[in-house]
Protein chains: 2
Amino acid sequence: MRRRDDVSELVETACGDGPGLRKARAVARLISLVEADSPALREVAQALAGRTGRAHVVGLTGSPGVGKSTSTSALVTALRARGRTVGVLAVDPSSPFSGGALLGDRVRMGEHATDPGVMIRSMASRGHLGGLAAAAPQALRVLDAAGCDVIVVETVGVGQSEVEIAGLADTSLVLLAPGMGDGIQAAKAGILEIGDLFCVNKADRDGATTTRRELRAMLSLSPRPEGAWKPPIVLTVATSGTGVDELVERIDEHRAHLESSGQGRQRRLARARREIEAIALGEVSRRFGHLSGDSRLEGLAADVLGGRTDPYRAADIVLDQI
Amino acid sequence: MRRRDDVSELVETACGDGPGLRKARAVARLISLVEADSPALREVAQALAGRTGRAHVVGLTGSPGVGKSTSTSALVTALRARGRTVGVLAVDPSSPFSGGALLGDRVRMGEHATDPGVMIRSMASRGHLGGLAAAAPQALRVLDAAGCDVIVVETVGVGQSEVEIAGLADTSLVLLAPGMGDGIQAAKAGILEIGDLFCVNKADRDGATTTRRELRAMLSLSPRPEGAWKPPIVLTVATSGTGVDELVERIDEHRAHLESSGQGRQRRLARARREIEAIALGEVSRRFGHLSGDSRLEGLAADVLGGRTDPYRAADIVLDQI
């Protein structure tokens, strides 16, 4: 049972107070296990149970080009200046933290690379339905158990799966940049509803205050109940760090609001529920995967193509089989 | 059994040669039924079996701002000039065809609004996991059965679910615009692999030929087997229609290649298989939905939160229940 021993040892090292490099390696290894959906995944989850729940998860999302990576980096700097340990999980095909060989601008996060108080990890948003939805929460658990005070999850603000990942956050931070109609784009993409905090980045450009005004007007259109959180709008210039301290203060205020209102526990419960569902769906999906070379499924597909049956009847038959 | 009668009547009207307006209304109604995931969905699918398989599905995808809507409109014009009937399915939160009250620029497709040979439909990309993945193929089936020669599916090129929708296409057309690093963005987003055809739109701007060169270089990096389709790159200015005739020719060439190589049937089979899987997963997801008020699931979520169990064990229990 060597592998089992390895996992508990890794978890001990990852959650312990040992030397930074050993700890970082253990964290990285655990996330890899989780990401690869390896058989060790369950063991990791089991070993982490009871060790998580301390970290505050900040979801950072926005359209391509608004400055997500730079903002994440600036946020990390500001949090580190306050002595907090930070985890970064980047789920974004266009992020400099994700992907492989093509990434020249990874250097932007370079300043944090040697800081043992910062753990950075990227995940690809491609792959099978439900795959990322199942893996991302587990990666969060690893970073949480490893002692991160704050975890920033960076996702691109377009696409269903990304919005679902954003749903993992305690505090959802939506990034915008000045520009005509950006607020309208936000409304269309449905990110107005998910934002606990809005940030107009690149605020040194023309139109930043206009974007803030538009956004405020649009937010006022959706009435909120008495005593509910009113999403603040912060102007930042992430490249120079301007406004980032205010951003951290607003995040802390939102965290305090979550705790005092009891909403924090509600969100975490909802998250656990979605996590369970995603894992179960992933398992069903995997059983389909086992069917993929199966001649019965091939035959059903040919029947649908030939008009001999419809896809719903075919799906019923498949469900009966698994 | 009044509803059943309605569905077969709707299908007859939608697939018939009757007056344009009546037919268009029937098509719209059927897609609404399919989209709403109503109980009639199965009846619609059943009634359509055997009536589909004629349309050529063109997936049109690209980042926000490359001119997807304008290109779709120009493509429709060029196809109509050749006497073909065209369906448009827009799956894009930022598309002028989708969404509701916020859309001022729907006028761009206005020229086709009164043409009975064009059927346009938009679908929101938000919603539950698997929801769109199940509904979009059914909407395609309706348009196919209604006699569309070509169906253009417009999706935004970011996000897992959109890439999956793009996977519905016979011919995947990837749109880019001139601009530094756009090719690299494409490579990162994984759209190089899915493109059967590339289109550099806004080719009257600086850098169009550079973008084409970069793209060509990047495409040459992934070796293709002997006799395989080599994705062409077309330069267009969709606003003026420049290059759009060439685009249609390339689409037709790809269609011919699919038929002669047997790849067309392979793709349609794979599509049917994925369709069956998406429906089955949607059904499992629905069963979870029924559990959502269930105290057992709530209890499991609380156990995960309290560290008394891990999400994988909880998922096992849930799967046993449904």
# chains A, B, ... in the order shown; residues from 1 in each chain; ligands from 1
call {"tool": "residues_around", "arguments": {"residues": "stretch 146-155 of chain A", "least_positions_apart": "6", "cutoff": "8 Å", "atoms": "only C-alpha atoms", "output": "ChimeraX atom specification"}}
result
/A:14-16,27,54-62,68-69,72,84-92,140,162,165-166,169
call {"tool": "write_last_selection", "arguments": {"atoms": "C-alpha atoms", "output": "PDB file, in the first residue's frame"}}
result
ATOM      1  CA  ALA A  14       1.722  20.168   2.422  1.00  0.00           C
ATOM      2  CA  CYS A  15      -0.167  21.146   5.575  1.00  0.00           C
ATOM      3  CA  GLY A  16       2.868  21.338   7.826  1.00  0.00           C
ATOM      4  CA  VAL A  27       1.217  21.109  -2.637  1.00  0.00           C
ATOM      5  CA  ARG A  54     -10.136  28.451   6.715  1.00  0.00           C
ATOM      6  CA  ALA A  55      -9.276  30.177   3.416  1.00  0.00           C
ATOM      7  CA  HIS A  56     -11.251  33.049   1.947  1.00  0.00           C
ATOM      8  CA  VAL A  57     -11.799  32.369  -1.752  1.00  0.00           C
ATOM      9  CA  VAL A  58     -11.858  35.400  -4.045  1.00  0.00           C
ATOM     10  CA  GLY A  59     -13.107  34.752  -7.580  1.00  0.00           C
ATOM     11  CA  LEU A  60     -11.658  37.224 -10.074  1.00  0.00           C
ATOM     12  CA  THR A  61     -13.310  37.293 -13.465  1.00  0.00           C
ATOM     13  CA  GLY A  62     -13.622  39.539 -16.511  1.00  0.00           C
ATOM     14  CA  LYS A  68      -6.986  39.984 -14.977  1.00  0.00           C
ATOM     15  CA  SER A  69      -3.444  38.637 -14.595  1.00  0.00           C
ATOM     16  CA  THR A  72      -4.216  39.160  -9.639  1.00  0.00           C
ATOM     17  CA  ARG A  84      -1.202  36.932   4.501  1.00  0.00           C
ATOM     18  CA  THR A  85      -0.347  33.759   2.625  1.00  0.00           C
ATOM     19  CA  VAL A  86      -1.949  33.605  -0.794  1.00  0.00           C
ATOM     20  CA  GLY A  87      -2.931  30.899  -3.238  1.00  0.00           C
ATOM     21  CA  VAL A  88      -3.644  31.592  -6.895  1.00  0.00           C
ATOM     22  CA  LEU A  89      -5.635  29.242  -9.085  1.00  0.00           C
ATOM     23  CA  ALA A  90      -5.783  30.449 -12.695  1.00  0.00           C
ATOM     24  CA  VAL A  91      -8.491  28.857 -14.824  1.00  0.00           C
ATOM     25  CA  ASP A  92      -8.263  30.707 -18.082  1.00  0.00           C
ATOM     26  CA  LEU A 140      -8.908  24.793  -3.799  1.00  0.00           C
ATOM     27  CA  GLU A 162     -16.163  29.648 -16.049  1.00  0.00           C
ATOM     28  CA  ILE A 165     -16.001  28.015 -11.357  1.00  0.00           C
ATOM     29  CA  ALA A 166     -16.625  31.609 -10.245  1.00  0.00           C
ATOM     30  CA  ALA A 169     -15.854  31.918  -4.546  1.00  0.00           C
TER      31      ALA A 169
END
call {"tool": "closest_residue", "arguments": {"among": "B:Ile233, B:Leu269, B:Ala314, B:Leu48", "to": "B:Leu168", "atoms": "only C-alpha atoms"}}
result
B:Leu269
call {"tool": "atom_distance", "arguments": {"atom1": "atom CA of B:Asp170", "atom2": "atom CA of B:Ser222"}}
result
20.8 Å
call {"tool": "closest_residue", "arguments": {"among": "A:Ala208, A:Ala145, A:Val200, A:Val237", "to": "chain B", "atoms": "only C-alpha atoms"}}
result
A:Ala145
call {"tool": "atom_distance", "arguments": {"atom1": "atom CA of A:Leu235", "atom2": "atom CA of A:Asn201"}}
result
6.0 Å
call {"tool": "closest_residue", "arguments": {"among": "A:Ser220, A:Ser63, A:Thr70, A:Ser172", "to": "chain B", "atoms": "only C-alpha atoms"}}
result
A:Ser63
call {"tool": "atom_distance", "arguments": {"atom1": "atom CA of B:Gln321", "atom2": "atom CA of B:Ala280"}}
result
16.9 Å
call {"tool": "residues_around", "arguments": {"residues": "A:Leu300", "least_positions_apart": "3", "cutoff": "12 Å", "atoms": "only C-alpha atoms", "output": "NGL selection string"}}
result
(:A and (291-292 or 294-297 or 303-318)) or (:B and (269-277))
call {"tool": "write_last_selection", "arguments": {"atoms": "N, CA and C atoms", "output": "compact mmCIF listing (two decimals), in the first residue's frame"}}
result
# COMPACT_ATOMS: atom_id res chain seq x y z
N LEU A 291 -18.10 3.45 -22.18
CA LEU A 291 -18.98 2.94 -23.24
C LEU A 291 -18.50 3.35 -24.63
N SER A 292 -17.51 4.30 -24.69
CA SER A 292 -17.27 4.96 -25.97
C SER A 292 -16.84 3.99 -27.07
N ASP A 294 -17.89 1.05 -27.12
CA ASP A 294 -18.92 0.02 -27.05
C ASP A 294 -19.77 0.00 -28.32
N SER A 295 -19.97 -1.17 -28.86
CA SER A 295 -20.69 -1.25 -30.13
C SER A 295 -22.17 -0.89 -29.96
N ARG A 296 -22.70 -1.05 -28.73
CA ARG A 296 -24.10 -0.68 -28.53
C ARG A 296 -24.31 0.82 -28.71
N LEU A 297 -23.38 1.62 -28.11
CA LEU A 297 -23.49 3.07 -28.26
C LEU A 297 -23.30 3.47 -29.72
N ASP A 303 -28.31 4.51 -35.44
CA ASP A 303 -29.77 4.50 -35.52
C ASP A 303 -30.35 5.92 -35.50
N VAL A 304 -29.75 6.78 -34.66
CA VAL A 304 -30.20 8.17 -34.62
C VAL A 304 -29.93 8.84 -35.96
N LEU A 305 -28.72 8.60 -36.49
CA LEU A 305 -28.34 9.20 -37.77
C LEU A 305 -29.27 8.74 -38.88
N GLY A 306 -29.63 7.48 -38.83
CA GLY A 306 -30.49 6.92 -39.87
C GLY A 306 -31.97 7.21 -39.66
N GLY A 307 -32.29 7.90 -38.57
CA GLY A 307 -33.68 8.27 -38.32
C GLY A 307 -34.52 7.10 -37.80
N ARG A 308 -33.86 5.99 -37.41
CA ARG A 308 -34.61 4.84 -36.91
C ARG A 308 -35.03 5.03 -35.45
N THR A 309 -34.32 5.93 -34.75
CA THR A 309 -34.77 6.29 -33.40
C THR A 309 -34.41 7.75 -33.18
N ASP A 310 -34.86 8.30 -32.03
CA ASP A 310 -34.48 9.67 -31.72
C ASP A 310 -33.50 9.65 -30.55
N PRO A 311 -32.72 10.75 -30.38
CA PRO A 311 -31.66 10.73 -29.37
C PRO A 311 -32.17 10.54 -27.94
N TYR A 312 -33.43 10.92 -27.68
CA TYR A 312 -33.95 10.78 -26.31
C TYR A 312 -34.19 9.32 -25.96
N ARG A 313 -34.76 8.61 -26.93
CA ARG A 313 -34.96 7.17 -26.69
C ARG A 313 -33.61 6.48 -26.54
N ALA A 314 -32.65 6.89 -27.38
CA ALA A 314 -31.31 6.31 -27.29
C ALA A 314 -30.69 6.58 -25.92
N ALA A 315 -30.88 7.80 -25.42
CA ALA A 315 -30.32 8.15 -24.11
C ALA A 315 -30.94 7.30 -23.01
N ASP A 316 -32.24 7.02 -23.12
CA ASP A 316 -32.90 6.16 -22.14
C ASP A 316 -32.23 4.79 -22.09
N ILE A 317 -31.95 4.26 -23.27
CA ILE A 317 -31.32 2.94 -23.35
C ILE A 317 -29.94 2.97 -22.71
N VAL A 318 -29.17 4.03 -23.01
CA VAL A 318 -27.83 4.15 -22.45
C VAL A 318 -27.90 4.23 -20.92
N LEU B 269 -21.70 10.76 -36.97
CA LEU B 269 -21.85 9.68 -35.98
C LEU B 269 -21.36 10.12 -34.61
N ALA B 270 -20.18 10.76 -34.60
CA ALA B 270 -19.61 11.23 -33.32
C ALA B 270 -20.56 12.23 -32.68
N ARG B 271 -21.17 13.07 -33.54
CA ARG B 271 -22.10 14.07 -33.05
C ARG B 271 -23.32 13.41 -32.42
N ALA B 272 -23.85 12.41 -33.08
CA ALA B 272 -25.02 11.71 -32.54
C ALA B 272 -24.68 11.06 -31.20
N ARG B 273 -23.46 10.51 -31.12
CA ARG B 273 -23.02 9.88 -29.88
C ARG B 273 -22.95 10.90 -28.75
N ARG B 274 -22.34 12.05 -29.06
CA ARG B 274 -22.24 13.09 -28.04
C ARG B 274 -23.62 13.62 -27.65
N GLU B 275 -24.50 13.66 -28.62
CA GLU B 275 -25.86 14.15 -28.37
C GLU B 275 -26.57 13.21 -27.38
N ILE B 276 -26.44 11.92 -27.63
CA ILE B 276 -27.05 10.93 -26.73
C ILE B 276 -26.48 11.09 -25.33
N GLU B 277 -25.15 11.22 -25.25
CA GLU B 277 -24.50 11.37 -23.95
C GLU B 277 -24.97 12.63 -23.22
call {"tool": "select_by_dssp", "arguments": {"residues": "stretch 240-308 of chain B", "states": "helix (DSSP H, G or I)", "output": "MDAnalysis selection string"}}
result
chainID B and resid 244:261 263:291 295:305
